[in-house]
Each structure stands twice: as C-alpha cells, then as structure tokens.
$ cat target.txt   # compact mmCIF, C-alpha atoms
# COMPACT_ATOMS: atom_id res chain seq x y z
CA MET A 176 37.66 -0.33 4.28
CA LYS A 177 36.61 -3.31 2.20
CA ILE A 178 38.20 -3.96 -1.20
CA GLU A 179 36.30 -5.98 -3.76
CA GLU A 180 38.06 -7.03 -6.94
CA LYS A 181 36.29 -6.30 -10.18
CA GLU A 182 37.09 -7.95 -13.51
CA PRO A 183 38.25 -5.75 -16.43
CA PHE A 184 35.38 -4.76 -18.68
CA SER A 185 34.87 -3.24 -22.07
CA THR A 186 33.97 0.45 -21.91
CA GLU A 187 32.19 0.31 -25.25
CA ARG A 188 30.08 -2.69 -24.27
CA GLU A 189 29.22 -1.10 -20.94
CA ALA A 190 28.15 2.11 -22.70
CA GLU A 191 25.85 0.15 -25.04
CA SER A 192 24.37 -1.74 -22.12
CA GLY A 193 23.83 1.51 -20.23
CA ALA A 194 22.11 3.08 -23.23
CA ARG A 195 19.76 0.10 -23.55
CA ASP A 196 18.97 0.22 -19.84
CA ARG A 197 18.22 3.95 -20.03
CA ALA A 198 15.95 3.45 -23.06
CA ARG A 199 14.12 0.63 -21.31
CA ARG A 200 13.63 2.73 -18.18
CA GLN A 201 12.30 5.63 -20.27
CA ARG A 202 9.79 3.35 -22.01
CA LYS A 203 8.72 1.96 -18.66
CA ARG A 204 8.26 5.48 -17.26
CA ARG A 205 6.16 6.48 -20.28
CA ARG A 206 3.94 3.43 -19.93
CA SER A 207 3.56 4.05 -16.21
CA ALA A 208 2.70 7.71 -16.79
CA LEU A 209 0.09 6.84 -19.43
CA SER A 210 -1.43 4.14 -17.22
CA PHE A 211 -1.55 6.49 -14.26
CA ALA A 212 -3.18 9.24 -16.33
CA ALA A 213 -5.81 6.85 -17.72
CA ILE A 214 -6.65 5.47 -14.28
CA LEU A 215 -6.82 9.00 -12.85
CA LEU A 216 -9.27 10.07 -15.56
CA LEU A 217 -11.42 6.99 -14.90
CA LEU A 218 -11.36 7.75 -11.17
CA VAL A 219 -12.52 11.33 -11.74
CA ALA A 220 -15.27 10.11 -14.08
CA LEU A 221 -16.46 7.52 -11.54
CA PHE A 222 -16.42 10.20 -8.84
CA PHE A 223 -18.86 12.41 -10.75
CA ILE A 224 -20.97 9.40 -11.75
CA SER A 225 -21.22 8.40 -8.09
CA VAL A 226 -22.35 11.90 -7.14
CA ASN A 227 -25.50 11.41 -9.25
CA ILE A 228 -26.38 7.88 -8.18
CA GLY A 229 -29.61 8.15 -6.19
CA SER A 230 -32.89 9.98 -6.18
CA LEU A 231 -31.24 13.40 -6.04
CA GLN A 232 -29.26 14.33 -9.15
CA VAL A 233 -27.32 17.47 -10.03
CA SER A 234 -25.64 18.48 -13.26
CA PHE A 235 -21.92 19.11 -13.49
CA GLY A 236 -22.42 22.86 -13.88
CA GLN A 237 -24.87 22.98 -10.99
CA LEU A 238 -22.41 21.07 -8.82
CA LEU A 239 -19.58 23.50 -9.54
CA ARG A 240 -21.82 26.54 -8.96
CA GLY A 241 -23.12 25.12 -5.70
CA LEU A 242 -19.61 24.32 -4.46
CA PHE A 243 -17.77 27.50 -5.46
CA VAL A 244 -20.24 30.26 -6.46
CA GLU A 245 -23.55 30.28 -4.61
CA TYR A 246 -25.51 28.17 -2.16
CA ASP A 247 -27.62 25.38 -3.62
CA SER A 248 -29.74 23.15 -1.37
CA ASP A 249 -29.37 20.11 -3.65
CA VAL A 250 -25.60 20.49 -3.86
CA SER A 251 -25.45 20.99 -0.09
CA THR A 252 -27.29 17.72 0.41
CA VAL A 253 -24.95 15.92 -1.96
CA TRP A 254 -21.96 17.46 -0.17
CA ASP A 255 -23.12 16.30 3.26
CA LEU A 256 -24.42 12.84 2.33
CA ARG A 257 -22.61 11.52 -0.74
CA PHE A 258 -19.20 13.18 -0.75
CA PRO A 259 -18.05 11.58 2.55
CA ARG A 260 -19.05 8.10 1.41
CA ILE A 261 -17.39 8.53 -1.97
CA LEU A 262 -14.13 9.79 -0.42
CA ILE A 263 -14.11 7.01 2.18
CA SER A 264 -14.56 4.44 -0.60
CA MET A 265 -11.65 5.96 -2.54
CA LEU A 266 -9.35 6.12 0.50
CA ALA A 267 -10.21 2.60 1.63
CA GLY A 268 -9.76 1.24 -1.89
CA ALA A 269 -6.34 2.87 -2.22
CA ALA A 270 -5.24 1.53 1.16
CA VAL A 271 -6.43 -2.02 0.45
CA ALA A 272 -4.87 -2.08 -3.03
CA VAL A 273 -1.47 -0.82 -1.87
CA SER A 274 -1.43 -3.13 1.15
CA GLY A 275 -2.13 -6.10 -1.12
CA VAL A 276 0.76 -5.18 -3.43
CA LEU A 277 3.13 -4.76 -0.48
CA PHE A 278 2.15 -8.13 0.98
CA GLN A 279 2.68 -9.87 -2.34
CA ALA A 280 6.11 -8.25 -2.75
CA VAL A 281 7.39 -8.83 0.77
CA LEU A 282 6.01 -12.37 1.15
CA LYS A 283 6.92 -13.35 -2.45
CA ASN A 284 3.50 -14.85 -3.03
CA PRO A 285 0.86 -13.61 -5.51
CA LEU A 286 -1.84 -15.06 -3.23
CA ALA A 287 -0.74 -13.03 -0.22
CA ASP A 288 -3.48 -10.68 0.87
CA PRO A 289 -4.40 -9.10 4.23
CA GLY A 290 -7.73 -10.91 4.09
CA ILE A 291 -6.22 -14.32 3.33
CA ILE A 292 -3.38 -14.47 5.87
CA GLY A 293 -5.36 -13.18 8.83
CA ILE A 294 -4.31 -9.53 8.98
CA SER A 295 -7.78 -8.17 8.25
CA SER A 296 -9.49 -10.51 10.71
CA GLY A 297 -7.01 -9.50 13.42
CA ALA A 298 -7.74 -5.84 12.75
CA VAL A 299 -11.50 -6.53 12.79
CA PHE A 300 -11.21 -8.38 16.10
CA ALA A 301 -9.38 -5.44 17.67
CA ALA A 302 -12.08 -3.10 16.38
CA VAL A 303 -14.76 -5.41 17.80
CA LEU A 304 -13.11 -5.30 21.23
CA VAL A 305 -12.95 -1.51 21.14
CA THR A 306 -16.60 -1.22 20.07
CA ALA A 307 -17.81 -3.70 22.69
CA PHE A 308 -15.73 -2.71 25.73
CA LEU A 309 -14.19 0.72 25.06
CA PRO A 310 -16.76 2.73 23.09
CA THR A 311 -15.27 6.00 24.35
CA LEU A 312 -12.16 5.25 22.26
CA TYR A 313 -14.18 5.08 19.04
CA PHE A 314 -12.01 7.64 17.23
CA LEU A 315 -8.92 5.55 18.00
CA THR A 316 -10.48 2.51 16.33
CA PRO A 317 -8.32 2.76 13.15
CA LEU A 318 -5.11 2.92 15.19
CA LEU A 319 -6.12 0.04 17.48
CA ALA A 320 -7.29 -1.99 14.47
CA CYS A 321 -3.88 -1.41 12.87
CA LEU A 322 -2.22 -2.71 16.05
CA GLY A 323 -4.50 -5.74 15.93
CA GLY A 324 -3.45 -6.39 12.34
CA LEU A 325 0.22 -6.11 13.31
CA ALA A 326 -0.32 -8.57 16.16
CA ALA A 327 -1.98 -11.01 13.74
CA PHE A 328 0.91 -10.65 11.29
CA ALA A 329 3.43 -11.23 14.10
CA LEU A 330 1.54 -14.40 15.02
CA VAL A 331 1.52 -15.63 11.41
CA TYR A 332 5.22 -14.81 11.01
CA THR A 333 6.15 -16.61 14.24
CA LEU A 334 4.15 -19.73 13.47
CA SER A 335 5.48 -19.85 9.89
CA TRP A 336 9.16 -19.53 10.81
CA LYS A 337 11.09 -22.79 10.66
CA GLY A 338 14.66 -21.79 9.91
CA GLY A 339 13.24 -19.56 7.19
CA LEU A 340 9.99 -18.57 5.55
CA SER A 341 8.05 -20.52 2.96
CA PRO A 342 5.33 -18.71 0.94
CA LEU A 343 3.11 -21.81 1.09
CA ARG A 344 3.57 -22.16 4.85
CA ILE A 345 2.69 -18.48 5.34
CA ILE A 346 -0.56 -18.90 3.38
CA LEU A 347 -1.59 -22.04 5.27
CA THR A 348 -0.78 -20.50 8.65
CA GLY A 349 -2.55 -17.29 7.66
CA VAL A 350 -5.72 -19.14 6.72
CA ALA A 351 -5.76 -20.78 10.17
CA VAL A 352 -5.14 -17.46 11.94
CA ASP A 353 -7.85 -15.81 9.85
CA ALA A 354 -10.36 -18.49 10.87
CA PHE A 355 -9.35 -18.09 14.53
CA PHE A 356 -9.90 -14.31 14.67
CA THR A 357 -13.04 -14.50 12.54
CA GLY A 358 -14.49 -17.04 14.95
CA LEU A 359 -13.70 -14.81 17.94
CA SER A 360 -15.34 -11.81 16.26
CA ASN A 361 -18.48 -13.81 15.46
CA ALA A 362 -18.56 -15.13 19.02
CA PHE A 363 -18.53 -11.60 20.45
CA ASN A 364 -21.24 -10.56 18.04
CA SER A 365 -23.41 -13.53 19.03
CA MET A 366 -22.86 -12.90 22.74
CA THR A 367 -24.29 -9.41 22.33
CA GLY A 368 -27.37 -10.69 20.54
CA SER A 369 -26.08 -9.40 17.19
CA THR A 370 -27.06 -5.88 18.23
CA LEU A 371 -23.67 -4.25 17.68
CA SER A 372 -24.36 -2.42 14.44
CA GLY A 373 -20.93 -0.80 14.65
CA VAL A 374 -19.28 -4.22 14.68
CA ALA A 375 -21.31 -5.37 11.69
CA SER A 376 -20.32 -2.17 9.88
CA ILE A 377 -16.65 -2.87 10.55
CA VAL A 378 -16.84 -6.48 9.41
CA GLU A 379 -18.83 -5.76 6.25
CA GLY A 380 -17.00 -2.56 5.34
CA ASN A 381 -20.31 -0.69 5.27
CA ILE A 382 -20.12 3.01 4.36
CA THR A 383 -23.76 3.80 5.20
CA GLN A 384 -24.27 6.95 7.32
CA LYS A 385 -20.60 7.92 7.12
CA THR A 386 -19.92 11.62 7.61
CA TRP A 387 -17.07 14.08 7.22
CA ASP A 388 -15.89 13.14 10.72
CA ASP A 389 -15.19 9.62 9.44
CA VAL A 390 -13.26 11.06 6.50
CA VAL A 391 -11.11 13.16 8.85
CA THR A 392 -10.52 10.09 11.04
CA LEU A 393 -9.45 7.87 8.14
CA LEU A 394 -7.43 10.34 6.06
CA PRO A 395 -4.25 10.61 8.24
CA TYR A 396 -3.80 6.85 8.46
CA VAL A 397 -4.21 6.32 4.71
CA ALA A 398 -1.99 9.29 3.84
CA VAL A 399 0.85 8.14 6.08
CA GLY A 400 0.58 4.57 4.80
CA LEU A 401 0.65 5.60 1.13
CA VAL A 402 3.64 7.90 1.67
CA LEU A 403 5.58 5.13 3.43
CA ALA A 404 4.67 2.72 0.62
CA VAL A 405 6.10 5.11 -1.98
CA VAL A 406 9.26 5.69 0.08
CA PHE A 407 9.98 1.95 0.44
CA ALA A 408 8.85 0.90 -3.05
CA SER A 409 12.43 0.22 -4.24
CA GLU A 410 13.19 -2.02 -1.27
CA CYS A 411 9.95 -3.94 -1.84
CA ASN A 412 10.92 -4.51 -5.48
CA LEU A 413 14.14 -6.17 -4.30
CA LEU A 414 12.29 -8.23 -1.67
CA SER A 415 9.98 -9.60 -4.36
CA LEU A 416 12.95 -11.31 -6.03
CA GLU A 417 14.34 -14.68 -5.08
CA ASP A 418 17.15 -14.57 -2.52
CA LYS A 419 19.88 -15.56 -4.98
CA THR A 420 18.62 -13.13 -7.62
CA ALA A 421 18.44 -10.31 -5.09
CA GLN A 422 22.06 -10.96 -4.07
CA GLU A 423 23.16 -10.84 -7.69
CA VAL A 424 21.41 -7.55 -8.47
CA ILE A 425 22.80 -5.77 -5.39
CA THR A 426 25.54 -4.05 -7.34
CA PRO A 427 27.46 -0.95 -6.23
CA GLU A 428 25.22 1.16 -8.47
CA VAL A 429 22.07 -0.21 -6.82
CA ILE A 430 23.48 0.35 -3.34
CA ARG A 431 24.47 3.90 -4.25
CA GLU A 432 21.00 4.67 -5.64
CA LEU A 433 19.11 3.13 -2.72
CA TYR A 434 21.18 4.29 0.23
CA ASP A 435 23.25 7.15 -1.18
CA ILE A 436 26.54 5.41 -0.25
CA ARG A 437 29.65 6.80 -1.88
CA LEU A 438 31.63 4.09 -3.71
CA GLU A 439 35.01 4.74 -5.27
CA VAL A 440 36.50 2.74 -8.14
CA THR A 441 40.27 2.62 -8.36
CA GLU A 442 42.68 0.76 -10.63
CA ILE A 443 45.69 -1.18 -9.32
CA ASP A 444 47.97 -3.08 -11.69
CA GLY A 445 45.37 -3.04 -14.46
CA ARG A 446 42.62 -4.37 -12.21
CA LYS A 447 39.62 -2.34 -11.01
CA PHE A 448 38.62 -2.35 -7.36
CA VAL A 449 35.49 -1.01 -5.64
CA LEU A 450 36.22 0.76 -2.36
CA VAL A 451 33.26 0.71 0.07
$ encode --input "target.txt" --output "structure tokens"
Amino acid sequence: MKIEEKEPFSTEREAESGARDRARRQRKRRRSALSFAAILLLLVALFFISVNIGSLQVSFGQLLRGLFVEYDSDVSTVWDLRFPRILISMLAGAAVAVSGVLFQAVLKNPLADPGIIGISSGAVFAAVLVTAFLPTLYFLTPLLACLGGLAAFALVYTLSWKGGLSPLRIILTGVAVDAFFTGLSNAFNSMTGSTLSGVASIVEGNITQKTWDDVVTLLPYVAVGLVLAVVFASECNLLSLEDKTAQEVITPEVIRELYDIRLEVTEIDGRKFVLV
C-alpha cells in the first residue's frame, strides 16, 4: 500500500471550487448537447436533400408512403440506387472525422491526419494488393486495408522514435511514408495498364455503383471503431495534454473516475493521506 501525503486544505474553498467546476461542466454539457442536436438536424436535412438530387425526385410524403405503406416504383428506385450511396457517404465521413480527431489528440499535433502521415496510403496500398492479386477476398478488403494502415502507422512510429516522439518529426516521417505507399500504388496501377477500376475507386473514394452489400460490409467496421472511440475518449483527452500537464492533472479523483479505483483518505496527526 502506497501512502501519499496531502497538504491540509480549506473545506470551504474546496466546496466553492467544486461548485464552479460542476457549473462549468454543466454549461459544457449544454453547449455540447445543443451543438449535437443542431448538427443532427442538419444531417437529416442533407439526407433528404440528397435523396432528391438527380433526374428522379420524390416528395417527402411520397417517400414515407413508399417506404412504409405501399409499393412505389420511384421510391423503390431511390431505395436501391441512392440510399446505399448516401449511407456509405455518412459512414465514411463519420469514420474519417473521428479518426482525424483521435490522431490529433494522440499525436498532440493539429496537423496530424491519416492522409498526411501515411496511414491512408498504407491502407490504400493493402487494398490495391488485394484487388490485384486476391480478388476472391474482396469482402475482406476493409479489414486488410485496416491492417495496412496499422502497418504504415507502425512504420511511421518506429522511424519517428528517437528517445521519444516529436510531433514535427512524426509529420515529416509521415509525409515520406505517404509518398512511398502512394508511389507503390500508382506503380501497380500503371503495371496493369490503369484498367483496375476497383483500385481507382479505392484511391478516389468513389461511391458510384455502390449497393446495399457495400453498406453491410462497411457498417460493422465503422460501428466498432466509433464505439471504441467513445469508450477511450477520456484517455485521449489526457493524451492531448503536454506530459507535465497530464502528470499534474492525474489526481486521485481523475484516477477514480477513469479506472474505478477505490482511494481512501485518512487523517494522521492533522495531516491527510491518500491510500492507494
């Protein structure tokens, strides 16, 4: 058992500080809730606007009737052709946005991005290899692309490590790794006479001719990634701080909230001690 001495403190001052912290957290939660609600409303509005972009247009009432009441050929066409592409765009956008935030937090650099430090190009190169040499594993392309991205990140991390990590060194190394994998992908595409339409679709992020099968393939990966991002959000907030600041804010209360560790405070000879 480890005993850490704690200086005497004023109960009244601590209560005032706690009240201010609670009020600040409540205001932050309200702002976050309002922002989330506004963005959600905009997303729903854009969804219905996207449904009617094209030569075939349906009204909102007709769309609801065709989906839930009776068969409608126009709504059926929209369901088969436009809905998959819209959902894939939403899922991909959510995944890319969250991954960018996580990279910026973990690497402590606002410029950190999967596309800048070589993660995306590593994933694309893995997808190119699968498309060119293992077309029967097409439905495993997202998983293998994820492994390619992890391999690229491991390479960037290894090359950037010199007794520690520097945000600037990570960016410079990532740019070099990104150019390396991009060159390999272009080389494979040129060797095939630029006839691999699947490879071009992967590189350009094209959603043309996507179907519900593509939605089913993508959904589990995005869902798992978003859930893990929410679970580890608190840890990422701490990682985004400087090392000295992070050490200062790791108080018993923070440890108890993050890891559910029971800490006991006892008083010996007028001094307070934290028992871990």
$ residues_around --input "target.txt" --residues "Ser225 in chain A" --least-positions-apart "4" --cutoff "10 Å" --atoms "all atoms listed in the file" --output "mmCIF file with C-alpha atoms, in the coordinates of the input"
data_model
loop_
_atom_site.group_PDB
_atom_site.id
_atom_site.type_symbol
_atom_site.label_atom_id
_atom_site.label_comp_id
_atom_site.auth_asym_id
_atom_site.auth_seq_id
_atom_site.Cartn_x
_atom_site.Cartn_y
_atom_site.Cartn_z
ATOM 1 C CA VAL A 219 -12.520 11.330 -11.740
ATOM 2 C CA ALA A 220 -15.270 10.110 -14.080
ATOM 3 C CA LEU A 221 -16.460 7.520 -11.540
ATOM 4 C CA GLY A 229 -29.610 8.150 -6.190
ATOM 5 C CA ARG A 257 -22.610 11.520 -0.740
ATOM 6 C CA PHE A 258 -19.200 13.180 -0.750
ATOM 7 C CA ARG A 260 -19.050 8.100 1.410
ATOM 8 C CA ILE A 261 -17.390 8.530 -1.970
#
$ closest_residue --input "target.txt" --among "A:Leu277, A:Ile292, A:Ala213, A:Val390" --to "Leu330 in chain A" --atoms "all atoms listed in the file"
A:Ile292
$ atom_distance --input "target.txt" --atom1 "CA of Ser207 in chain A" --atom2 "CA of Ala269 in chain A"
17.2 Å
$ atom_distance --input "target.txt" --atom1 "CA of Cys411 in chain A" --atom2 "CA of Ala280 in chain A"
5.8 Å
$ residues_around --input "target.txt" --residues "Ser264 in chain A" --least-positions-apart "2" --cutoff "12 Å" --atoms "only C-alpha atoms" --output "NGL selection string"
:A and (218 or 221-222 or 225 or 257-262 or 266-272 or 380-383 or 385 or 389-390 or 393-394 or 397)
$ atom_distance --input "target.txt" --atom1 "CA of Ser296 in chain A" --atom2 "CA of Asn284 in chain A"
19.4 Å
$ closest_residue --input "target.txt" --among "A:Leu216, A:Leu403, A:Val299, A:Val305" --to "Asn361 in chain A" --atoms "only C-alpha atoms"
A:Val299
$ closest_residue --input "target.txt" --among "A:Phe407, A:Phe314, A:Phe328, A:Trp336" --to "Val391 in chain A" --atoms "all atoms listed in the file"
A:Phe314
$ residues_around --input "target.txt" --residues "Val250 in chain A" --least-positions-apart "4" --cutoff "10 Å" --atoms "all atoms listed in the file" --output "PDB file with C-alpha atoms, keeping the file's coordinate frame"
ATOM      1  CA  VAL A 226     -22.350  11.900  -7.140  1.00  0.00           C
ATOM      2  CA  LEU A 231     -31.240  13.400  -6.040  1.00  0.00           C
ATOM      3  CA  GLN A 232     -29.260  14.330  -9.150  1.00  0.00           C
ATOM      4  CA  VAL A 233     -27.320  17.470 -10.030  1.00  0.00           C
ATOM      5  CA  SER A 234     -25.640  18.480 -13.260  1.00  0.00           C
ATOM      6  CA  GLN A 237     -24.870  22.980 -10.990  1.00  0.00           C
ATOM      7  CA  LEU A 238     -22.410  21.070  -8.820  1.00  0.00           C
ATOM      8  CA  LEU A 239     -19.580  23.500  -9.540  1.00  0.00           C
ATOM      9  CA  ARG A 240     -21.820  26.540  -8.960  1.00  0.00           C
ATOM     10  CA  GLY A 241     -23.120  25.120  -5.700  1.00  0.00           C
ATOM     11  CA  LEU A 242     -19.610  24.320  -4.460  1.00  0.00           C
ATOM     12  CA  TYR A 246     -25.510  28.170  -2.160  1.00  0.00           C
ATOM     13  CA  TRP A 254     -21.960  17.460  -0.170  1.00  0.00           C
ATOM     14  CA  ASP A 255     -23.120  16.300   3.260  1.00  0.00           C
ATOM     15  CA  LEU A 256     -24.420  12.840   2.330  1.00  0.00           C
ATOM     16  CA  ARG A 257     -22.610  11.520  -0.740  1.00  0.00           C
TER      17      ARG A 257
END
$ closest_residue --input "target.txt" --among "A:Asn227, A:Ser360, A:Met366, A:Asp388" --to "Tyr313 in chain A" --atoms "only C-alpha atoms"
A:Asp388
